[in-house]
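What follows is the content of data-v2.txt (compact mmCIF, C-alpha atoms).
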```txt
# COMPACT_ATOMS: atom_id res chain seq x y z
CA MET A 49 -7.00 11.53 -25.02
CA SER A 50 -5.36 8.17 -25.65
CA PHE A 51 -2.09 9.37 -24.17
CA LEU A 52 -3.89 10.66 -21.06
CA LEU A 53 -5.67 7.33 -20.58
CA LEU A 54 -2.37 5.50 -20.98
CA VAL A 55 -0.68 7.71 -18.38
CA VAL A 56 -3.57 7.38 -15.91
CA SER A 57 -3.65 3.60 -16.36
CA ALA A 58 0.14 3.34 -15.97
CA LEU A 59 -0.01 5.42 -12.78
CA HIS A 60 -2.74 3.19 -11.41
CA ILE A 61 -0.78 0.03 -12.19
CA LEU A 62 2.32 1.56 -10.57
CA ILE A 63 0.31 2.25 -7.42
CA LEU A 64 -0.97 -1.33 -7.42
CA ILE A 65 2.56 -2.72 -7.70
CA LEU A 66 3.80 -0.45 -4.90
CA LEU A 67 0.95 -1.52 -2.64
CA PHE A 68 1.45 -5.24 -3.37
CA VAL A 69 5.16 -5.04 -2.59
CA ALA A 70 4.64 -2.87 0.50
CA THR A 71 1.97 -5.18 1.90
CA LEU A 72 3.43 -8.57 1.10
CA ASP A 73 7.21 -8.17 1.18
CA LYS A 74 9.30 -8.52 4.31
CA SER A 75 11.01 -5.27 5.13
CA TRP A 76 8.90 -2.79 7.08
CA TRP A 77 11.68 -2.52 9.67
CA THR A 78 15.27 -3.69 9.25
CA LEU A 79 17.44 -4.47 12.23
CA PRO A 80 21.23 -4.57 12.29
CA GLY A 81 22.42 -7.76 10.68
CA LYS A 82 20.06 -9.85 8.60
CA GLU A 83 16.89 -9.42 10.61
CA SER A 84 13.77 -7.80 9.21
CA LEU A 85 10.26 -7.24 10.43
CA ASN A 86 7.18 -7.07 8.27
CA LEU A 87 3.45 -6.88 8.79
CA TRP A 88 2.99 -10.63 8.99
CA THR A 89 6.04 -12.28 10.58
CA ASP A 90 8.99 -11.46 12.80
CA CYS A 91 12.03 -13.29 11.42
CA THR A 92 15.24 -13.60 13.42
CA TRP A 93 18.50 -14.96 12.00
CA ILE A 94 20.04 -17.67 14.17
CA GLY A 95 23.73 -17.55 13.29
CA HIS A 96 24.92 -20.77 14.91
CA ASN A 97 22.29 -22.84 13.00
CA ASP A 98 22.29 -20.69 9.84
CA THR A 99 18.49 -20.66 9.86
CA TRP A 100 15.65 -18.19 10.23
CA LEU A 101 13.25 -18.34 13.16
CA CYS A 102 9.95 -16.74 12.13
CA ARG A 103 6.94 -16.15 14.34
CA ASP A 104 3.59 -14.48 13.88
CA VAL A 105 3.40 -10.82 14.96
CA SER A 106 -0.36 -10.47 15.14
CA GLU A 107 -0.56 -10.23 18.96
CA ASN A 108 -0.76 -6.43 18.75
CA ALA A 109 -4.17 -4.93 18.01
CA TRP A 110 -2.62 -1.93 16.26
CA LEU A 111 -0.58 -4.21 13.99
CA LYS A 112 -3.77 -6.04 13.03
CA ALA A 113 -5.21 -2.63 12.13
CA VAL A 114 -2.18 -1.88 9.92
CA GLN A 115 -2.53 -5.29 8.26
CA ALA A 116 -6.24 -4.70 7.65
CA LEU A 117 -5.69 -1.19 6.29
CA MET A 118 -2.96 -2.29 3.87
CA VAL A 119 -5.10 -5.17 2.60
CA LEU A 120 -8.07 -2.80 2.33
CA SER A 121 -5.94 -0.39 0.31
CA LEU A 122 -5.05 -3.21 -2.09
CA ILE A 123 -8.69 -4.20 -2.46
CA LEU A 124 -9.82 -0.61 -3.00
CA CYS A 125 -7.07 0.04 -5.55
CA CYS A 126 -8.00 -3.11 -7.50
CA LEU A 127 -11.68 -2.17 -7.29
CA SER A 128 -11.01 1.34 -8.54
CA PHE A 129 -9.06 -0.02 -11.51
CA VAL A 130 -11.93 -2.36 -12.39
CA LEU A 131 -14.37 0.53 -11.99
CA PHE A 132 -12.21 2.69 -14.24
CA MET A 133 -12.21 0.07 -16.99
CA PHE A 134 -15.96 -0.49 -16.58
CA GLN A 135 -16.70 3.24 -16.69
CA LEU A 136 -14.34 3.75 -19.61
CA TYR A 137 -16.31 1.36 -21.80
CA THR A 138 -19.86 1.93 -20.51
CA MET A 139 -20.10 5.58 -19.49
CA ARG A 140 -21.58 8.01 -21.96
CA ARG A 141 -19.52 10.79 -23.43
CA GLY A 142 -18.89 13.73 -21.08
CA GLY A 143 -19.23 11.69 -17.88
CA LEU A 144 -16.85 12.00 -14.97
CA PHE A 145 -15.07 9.15 -13.20
CA TYR A 146 -16.40 9.98 -9.73
CA ALA A 147 -16.66 6.38 -8.45
CA THR A 148 -13.11 5.58 -9.53
CA GLY A 149 -11.76 8.77 -8.01
CA PHE A 150 -13.58 8.22 -4.73
CA CYS A 151 -12.21 4.66 -4.53
CA GLN A 152 -8.66 5.92 -5.15
CA LEU A 153 -9.04 8.62 -2.50
CA CYS A 154 -10.16 5.92 -0.04
CA THR A 155 -7.11 3.88 -1.07
CA SER A 156 -4.80 6.78 -0.26
CA LEU A 157 -6.53 7.33 3.07
CA ALA A 158 -6.14 3.64 4.01
CA VAL A 159 -2.44 3.62 3.09
CA PHE A 160 -1.82 6.86 4.96
CA THR A 161 -3.58 5.62 8.10
CA GLY A 162 -1.82 2.24 8.05
CA ALA A 163 1.65 3.70 7.57
CA LEU A 164 1.02 6.36 10.22
CA ILE A 165 -0.15 3.80 12.78
CA TYR A 166 2.93 1.68 12.08
CA ALA A 167 5.25 4.68 12.47
CA ILE A 168 3.67 5.67 15.78
CA HIS A 169 3.64 2.18 17.35
CA VAL A 170 6.80 0.57 15.92
CA ASN A 171 8.63 0.96 19.25
CA GLU A 172 6.30 -1.63 20.82
CA ILE A 173 7.61 -4.31 18.47
CA LEU A 174 11.20 -3.13 18.78
CA SER A 175 11.20 -3.51 22.56
CA LYS A 176 11.86 -7.26 22.02
CA HIS A 177 14.85 -6.66 19.72
CA PRO A 178 18.29 -5.12 20.12
CA PRO A 179 18.43 -1.36 19.56
CA GLY A 180 19.15 0.05 16.15
CA GLY A 181 17.75 -0.40 12.73
CA SER A 182 15.59 1.69 10.49
CA PHE A 183 12.39 1.68 8.53
CA GLY A 184 12.62 -0.67 5.57
CA TYR A 185 11.82 -0.16 1.92
CA CYS A 186 8.27 -1.53 2.25
CA PHE A 187 7.44 1.24 4.70
CA ALA A 188 8.91 3.77 2.26
CA LEU A 189 6.92 2.26 -0.62
CA ALA A 190 3.72 2.67 1.39
CA TRP A 191 4.54 6.35 1.90
CA VAL A 192 5.31 6.73 -1.82
CA ALA A 193 2.01 5.03 -2.75
CA PHE A 194 0.02 7.45 -0.58
CA PRO A 195 0.59 10.70 -2.54
CA LEU A 196 0.44 8.84 -5.85
CA ALA A 197 -2.96 7.37 -4.96
CA LEU A 198 -4.13 10.77 -3.74
CA ALA A 199 -3.05 12.42 -7.00
CA SER A 200 -4.60 9.60 -9.00
CA GLY A 201 -7.90 10.01 -7.18
CA ILE A 202 -7.94 13.74 -7.85
CA ILE A 203 -7.10 13.13 -11.51
CA TYR A 204 -9.95 10.62 -11.83
CA ILE A 205 -12.44 13.03 -10.29
CA HIS A 206 -11.51 15.70 -12.84
CA LEU A 207 -11.14 13.33 -15.78
CA ARG A 208 -13.97 13.60 -18.31
CA LYS A 209 -14.70 10.90 -20.88
CA ARG A 210 -14.31 12.10 -24.44
CA GLU A 211 -14.59 10.38 -27.78
```
Give the structure from this file in structure tokens form.
Amino acid sequence: MSFLLLVVSALHILILILLFVATLDKSWWTLPGKESLNLWTDCTWIGHNDTWLCRDVSENAWLKAVQALMVLSLILCCLSFVLFMFQLYTMRRGGLFYATGFCQLCTSLAVFTGALIYAIHVNEILSKHPPGGSFGYCFALAWVAFPLALASGIIYIHLRKRE
């Protein structure tokens, strides 16, 4: 049982790290050259000055939704980890971790929805930039966090506390 708890906790912490990096780092879309776009700012490299010009990207309603969903996924993932620790030490023997599992399933749903909205609407942001580029590693991390959070939620729902 100790090994299972260690694995479940490690998986949860991995998901938290993936979500933090995906939400806060600066590479949801990479353009040719040194430019990158994230959820919060649009940074353009100005070669003749050797500086970055960054501006806020929150003029799009759908991008605000992606921002809100990614932050919500972080909050839900942190809450589910706190719930797991609370239930681990207070729940009686034989109990199931339903609250933790439900929170993790909501986390996976928020990440999935946010990444899907971004994938569908990314062309609206790219209309202001030269053609080319690709999705960045933060976008990929969000998609990796989704199935891990889904699996974690299912594991928590089936996990039974034992002595």
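For the pair atom CA of Gln135 of chain A and atom CA of Leu196 of chain A, the separation is 21.0 Å.
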**Asked** Of the residues A:Phe150, A:Glu83, A:Ala116, A:His96, which is the one nearest to Phe132 of chain A, using only C-alpha atoms?
**Response** A:Phe150
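Minimum atom-to-atom distances from A:Tyr137, A:Phe129, A:Tyr204, A:Trp110 to Leu164 of chain A were compared using all atoms listed in the file, and the lowest value belongs to A:Trp110.
Take the candidates A:Asn171, A:Val159, A:His60, A:Val114 and check each one against Val192 of chain A using all atoms listed in the file; the shortest distance goes to A:Val159.
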**Asked** With only C-alpha atoms as the basis for distance, which of A:Ala197, A:Leu66, A:Leu101, A:Met118 is at the shortest distance from Leu87 of chain A?
**Response** A:Met118
**Interatomic distance (Å, one decimal) between atom CA of Leu144 of chain A and atom CA of Leu54 of chain A** =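 Result for atom CA of Leu144 of chain A versus atom CA of Leu54 of chain A: 17.0 Å, one decimal.
Using only C-alpha atoms, the shortest contact distance between Cys186 of chain A and any of A:Asp104, A:Asp98, A:Glu172, A:Asp73 is found at A:Asp73.
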**Request:** Check the smallest atom-to-atom distance from each of A:Phe194, A:Phe51, A:Phe68, A:Trp76 to Val170 of chain A using all atoms listed in the file, then report the winner.
**Result:** A:Trp76
**Prompt:** Rounded to one decimal in Å, what is the spacing between atom CA of Lys74 of chain A and atom CA of Gln115 of chain A?
**Reply:**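 About the pair atom CA of Lys74 of chain A and atom CA of Gln115 of chain A: they are 12.9 Å apart.
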**Message:** Env of Ala147 of chain A: 8 Å cut, atoms = all atoms listed in the file, seq-sep filter 3 positions within chain, self excluded. Answer as number ranges by chain.
**Reply:** A: 128, 131, 150-151
**Item:** Long-range neighbours of His177 of chain A as a count of residues only, 12 Å cut-off, only C-alpha atoms, 2 positions minimum in chain
**Value:** 21
Need to verify the contact set: Val119 of chain A, 12 Å, all atoms listed in the file, exclusion of same-chain residues closer than 4 positions in sequence. Can you return it as a PDB file with C-alpha atoms, in the frame of the given file?
```
ATOM      1  CA  LEU A  64      -0.970  -1.330  -7.420  1.00  0.00           C
ATOM      2  CA  LEU A  67       0.950  -1.520  -2.640  1.00  0.00           C
ATOM      3  CA  PHE A  68       1.450  -5.240  -3.370  1.00  0.00           C
ATOM      4  CA  VAL A  69       5.160  -5.040  -2.590  1.00  0.00           C
ATOM      5  CA  ALA A  70       4.640  -2.870   0.500  1.00  0.00           C
ATOM      6  CA  THR A  71       1.970  -5.180   1.900  1.00  0.00           C
ATOM      7  CA  LEU A  72       3.430  -8.570   1.100  1.00  0.00           C
ATOM      8  CA  LEU A  87       3.450  -6.880   8.790  1.00  0.00           C
ATOM      9  CA  TRP A  88       2.990 -10.630   8.990  1.00  0.00           C
ATOM     10  CA  LYS A 112      -3.770  -6.040  13.030  1.00  0.00           C
ATOM     11  CA  ALA A 113      -5.210  -2.630  12.130  1.00  0.00           C
ATOM     12  CA  VAL A 114      -2.180  -1.880   9.920  1.00  0.00           C
ATOM     13  CA  GLN A 115      -2.530  -5.290   8.260  1.00  0.00           C
ATOM     14  CA  ILE A 123      -8.690  -4.200  -2.460  1.00  0.00           C
ATOM     15  CA  LEU A 124      -9.820  -0.610  -3.000  1.00  0.00           C
ATOM     16  CA  CYS A 125      -7.070   0.040  -5.550  1.00  0.00           C
ATOM     17  CA  CYS A 126      -8.000  -3.110  -7.500  1.00  0.00           C
ATOM     18  CA  THR A 155      -7.110   3.880  -1.070  1.00  0.00           C
ATOM     19  CA  ALA A 158      -6.140   3.640   4.010  1.00  0.00           C
ATOM     20  CA  VAL A 159      -2.440   3.620   3.090  1.00  0.00           C
ATOM     21  CA  GLY A 162      -1.820   2.240   8.050  1.00  0.00           C
ATOM     22  CA  ALA A 190       3.720   2.670   1.390  1.00  0.00           C
TER      23      ALA A 190
END
```
